[in-house]
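S.K.: I'm passing along target_34.tsv; it holds TSV, C-alpha atoms.
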chain	number	residue	atom	x	y	z
A	26	LEU	CA	13.59	-19.04	9.35
A	27	LYS	CA	10.90	-20.81	7.35
A	28	LYS	CA	13.15	-23.83	6.79
A	29	LEU	CA	14.06	-23.91	10.48
A	30	ALA	CA	10.43	-23.64	11.61
A	31	ASN	CA	9.39	-26.45	9.24
A	32	PHE	CA	12.32	-28.58	10.39
A	33	ILE	CA	11.38	-28.10	14.05
A	34	PHE	CA	7.72	-28.86	13.39
A	35	ASN	CA	8.49	-32.02	11.39
A	36	LYS	CA	11.07	-33.27	13.90
A	37	TYR	CA	8.80	-33.08	16.94
A	38	ASN	CA	5.32	-33.76	15.53
A	39	ILE	CA	4.60	-37.22	14.12
A	40	SER	CA	1.67	-35.98	12.01
A	41	ASN	CA	0.45	-32.77	10.46
A	42	GLU	CA	-3.21	-33.48	11.30
A	43	PHE	CA	-4.57	-32.75	14.75
A	44	ILE	CA	-8.04	-33.08	16.24
A	45	ASN	CA	-9.69	-30.35	18.27
A	46	ASN	CA	-13.32	-31.06	19.27
A	47	ASP	CA	-13.99	-33.31	16.26
A	48	SER	CA	-12.37	-30.85	13.82
A	49	VAL	CA	-9.28	-32.05	11.97
A	50	ILE	CA	-6.79	-29.18	11.67
A	51	ILE	CA	-3.99	-29.53	9.14
A	52	VAL	CA	-0.61	-27.85	9.59
A	53	SER	CA	1.04	-27.47	6.20
A	54	LYS	CA	4.35	-26.06	5.06
A	55	SER	CA	2.53	-23.06	3.60
A	56	GLY	CA	0.76	-22.47	6.93
A	57	ILE	CA	4.05	-22.51	8.82
A	58	ASN	CA	5.65	-20.26	6.20
A	59	GLU	CA	2.80	-17.74	6.42
A	60	SER	CA	3.02	-17.75	10.20
A	61	ILE	CA	6.78	-17.11	10.10
A	62	GLU	CA	6.27	-14.21	7.67
A	63	LYS	CA	3.70	-12.60	9.97
A	64	ILE	CA	5.95	-13.14	12.99
A	65	TYR	CA	9.01	-11.71	11.27
A	66	PHE	CA	7.29	-8.59	9.96
A	67	ASN	CA	5.60	-7.76	13.28
A	68	ASN	CA	8.02	-6.09	15.72
A	69	ARG	CA	6.27	-7.40	18.86
A	70	GLN	CA	6.13	-10.96	17.55
A	71	ARG	CA	9.68	-10.87	16.17
A	72	LYS	CA	10.97	-10.10	19.69
A	73	LEU	CA	9.48	-13.49	20.66
A	74	LEU	CA	10.98	-15.37	17.69
A	75	LYS	CA	12.85	-17.85	19.90
A	76	GLU	CA	9.63	-18.66	21.75
A	77	HIS	CA	7.73	-19.03	18.48
A	78	LEU	CA	10.28	-21.55	17.24
A	79	GLN	CA	9.87	-23.50	20.47
A	80	VAL	CA	6.09	-23.47	19.96
A	81	PHE	CA	6.47	-25.27	16.62
A	82	SER	CA	7.94	-28.27	18.46
A	83	VAL	CA	4.66	-28.78	20.39
A	84	LEU	CA	2.22	-27.19	17.96
A	85	GLY	CA	0.17	-30.37	17.59
A	86	ASN	CA	-0.41	-30.59	21.33
A	87	ILE	CA	-1.34	-26.91	21.45
A	88	ILE	CA	-3.84	-27.29	18.60
A	89	GLU	CA	-5.48	-30.31	20.22
A	90	ASN	CA	-5.92	-28.52	23.56
A	91	ALA	CA	-6.74	-24.97	22.44
A	92	THR	CA	-10.14	-23.38	22.90
A	93	LEU	CA	-12.13	-22.07	19.95
A	94	VAL	CA	-13.07	-18.52	20.93
A	95	ASN	CA	-14.53	-17.07	17.73
A	96	GLN	CA	-15.60	-18.01	14.22
A	97	ILE	CA	-16.15	-15.44	11.48
A	98	LYS	CA	-17.43	-15.93	7.96
A	99	GLU	CA	-14.90	-14.98	5.25
A	100	VAL	CA	-15.65	-11.40	4.19
A	101	LYS	CA	-12.84	-10.65	1.71
A	102	LYS	CA	-14.58	-12.80	-0.90
A	103	ARG	CA	-11.76	-15.35	-1.19
A	104	ASN	CA	-13.81	-18.06	-2.90
A	105	ASP	CA	-12.09	-21.06	-1.35
A	106	ILE	CA	-12.31	-19.89	2.30
A	107	TYR	CA	-15.59	-20.34	4.19
A	108	TYR	CA	-14.78	-19.37	7.83
A	109	TRP	CA	-11.92	-18.09	9.96
A	110	ASN	CA	-11.64	-19.80	13.36
A	111	TYR	CA	-9.71	-18.23	16.22
A	112	TYR	CA	-8.22	-20.36	18.99
A	113	ILE	CA	-6.45	-19.52	22.24
A	114	ASP	CA	-4.28	-21.54	24.61
A	115	GLY	CA	-2.01	-20.89	27.58
A	116	LEU	CA	1.65	-21.89	27.44
A	117	ILE	CA	4.67	-22.01	29.67
A	118	ILE	CA	7.96	-21.41	27.88
A	119	ASN	CA	11.18	-21.20	29.91
A	120	ASN	CA	9.17	-20.76	33.13
A	121	LYS	CA	7.20	-17.80	31.74
A	122	GLU	CA	3.47	-17.83	31.05
A	123	TYR	CA	2.23	-16.91	27.58
A	124	LYS	CA	-1.09	-16.67	25.82
A	125	MET	CA	-1.12	-18.05	22.29
A	126	GLU	CA	-3.68	-17.26	19.63
A	127	PHE	CA	-3.81	-18.95	16.26
A	128	ASP	CA	-6.01	-18.79	13.19
A	129	VAL	CA	-7.50	-21.72	11.29
A	130	ARG	CA	-9.24	-21.21	8.00
A	131	SER	CA	-12.11	-23.52	7.10
A	132	MET	CA	-12.09	-24.16	3.38
A	133	GLN	CA	-15.04	-24.79	1.07
A	134	ASP	CA	-13.78	-28.38	0.59
A	135	GLY	CA	-14.06	-29.00	4.36
A	136	GLN	CA	-10.36	-28.74	5.24
A	137	ASN	CA	-9.33	-26.76	8.31
A	138	GLN	CA	-5.89	-25.21	7.83
A	139	TYR	CA	-3.65	-23.70	10.52
A	140	ARG	CA	-2.35	-20.30	9.40
A	141	ILE	CA	-0.97	-17.73	11.81
A	142	GLN	CA	0.11	-17.75	15.45
A	143	ARG	CA	0.66	-14.91	17.91
A	144	ILE	CA	2.03	-15.16	21.43
A	145	GLU	CA	2.04	-12.67	24.25
A	146	GLU	CA	3.69	-12.93	27.63
A	147	ASN	CA	1.25	-12.83	30.55
A	148	LYS	CA	2.34	-9.90	32.68
A	149	LYS	CA	1.24	-10.40	36.26
A	150	ALA	CA	0.33	-7.36	38.30
A	151	ASN	CA	2.62	-6.75	41.27
Let me see whether you can do it: turn the structure in this file into structure tokens.
M.R.:
Amino acid sequence: LKKLANFIFNKYNISNEFINNDSVIIVSKSGINESIEKIYFNNRQRKLLKEHLQVFSVLGNIIENATLVNQIKEVKKRNDIYYWNYYIDGLIINNKEYKMEFDVRSMQDGQNQYRIQRIEENKKAN
């Protein structure tokens, strides 16, 4: 799954650096791999695996258009991480609406690295 996700990302995104409100966010192989691990080992997210793989094809566009909703200082004392940034964006996949959240860690050296994504289908009240 990690190889497939990286293949999809690399095939459909011409760069691994994306700009969101003057912040450059880097999507690396390790970030995609970590995201796939979290997806696979979470039952709710694993049920949306096909949708997650589709997201990787347009991840750059999502990152550039997402809204920063929260920023928290690193509290687990990982020396190289300064802040965790949490973004949200709306998606339409196969005519269904989803909400996507993803995490970006801001490193002490100034890099912003994409890490983990979560999607949830928007259930409309009848």
S.K.: At a cut-off of 12 Å, using all atoms listed in the file, what residues contact Tyr123 (chain A)? Leave out same-chain residues fewer than 6 positions from it and give the result as a VMD selection string.
M.R.: chain A and resid 73 76 to 77 80 113 to 117 143 to 149
S.K.: Quick check, in Å to one decimal: how far apart do CA of Arg71 (chain A) and CA of Gln96 (chain A) lie?
M.R.: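 So the answer is 26.3 Å.
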S.K.: Show which residues sit within 7 Å of Ile33 (chain A), as number ranges by chain. Count all atoms listed in the file, and ignore same-chain residues fewer than 4 positions away.
M.R.: A: 29, 37, 81-82
S.K.: Could you put an axis-aligned box around every listed atom of region 68-86 of chain A, padded by 4 Å on each side, and send me its centre and edge lengths in Å to one decimal, as JSON?
M.R.:
{"center_x": 6.2, "center_y": -18.3, "center_z": 18.7, "size_x": 21.3, "size_y": 32.5, "size_z": 14.0}
S.K.: Pick from A:Glu62, A:Glu89, A:Glu122, A:Asp134: nearest to Tyr108 (chain A), with only C-alpha atoms counted?
M.R.: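 Smallest distance to Tyr108 (chain A) is found for A:Asp134.
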S.K.: Tell me which protein, DNA and RNA residues are within 12 Å of Asn35 (chain A), counting all atoms listed in the file, leaving out same-chain ones fewer than 3 positions away, and put them as a ChimeraX atom specification.
M.R.: /A:28-32,38-42,52-54,57,81-85
S.K.: Is it possible to get the residues within 12 Å of (-11.6, -19.7, 16.5) (coordinates as in the file, counting all atoms listed in the file) written as JSON, numbers by chain?
M.R.: {"A": [45, 46, 48, 50, 88, 91, 92, 93, 94, 95, 96, 97, 98, 108, 109, 110, 111, 112, 113, 114, 126, 127, 128, 129, 130, 131, 137, 138, 139, 140, 141, 142]}
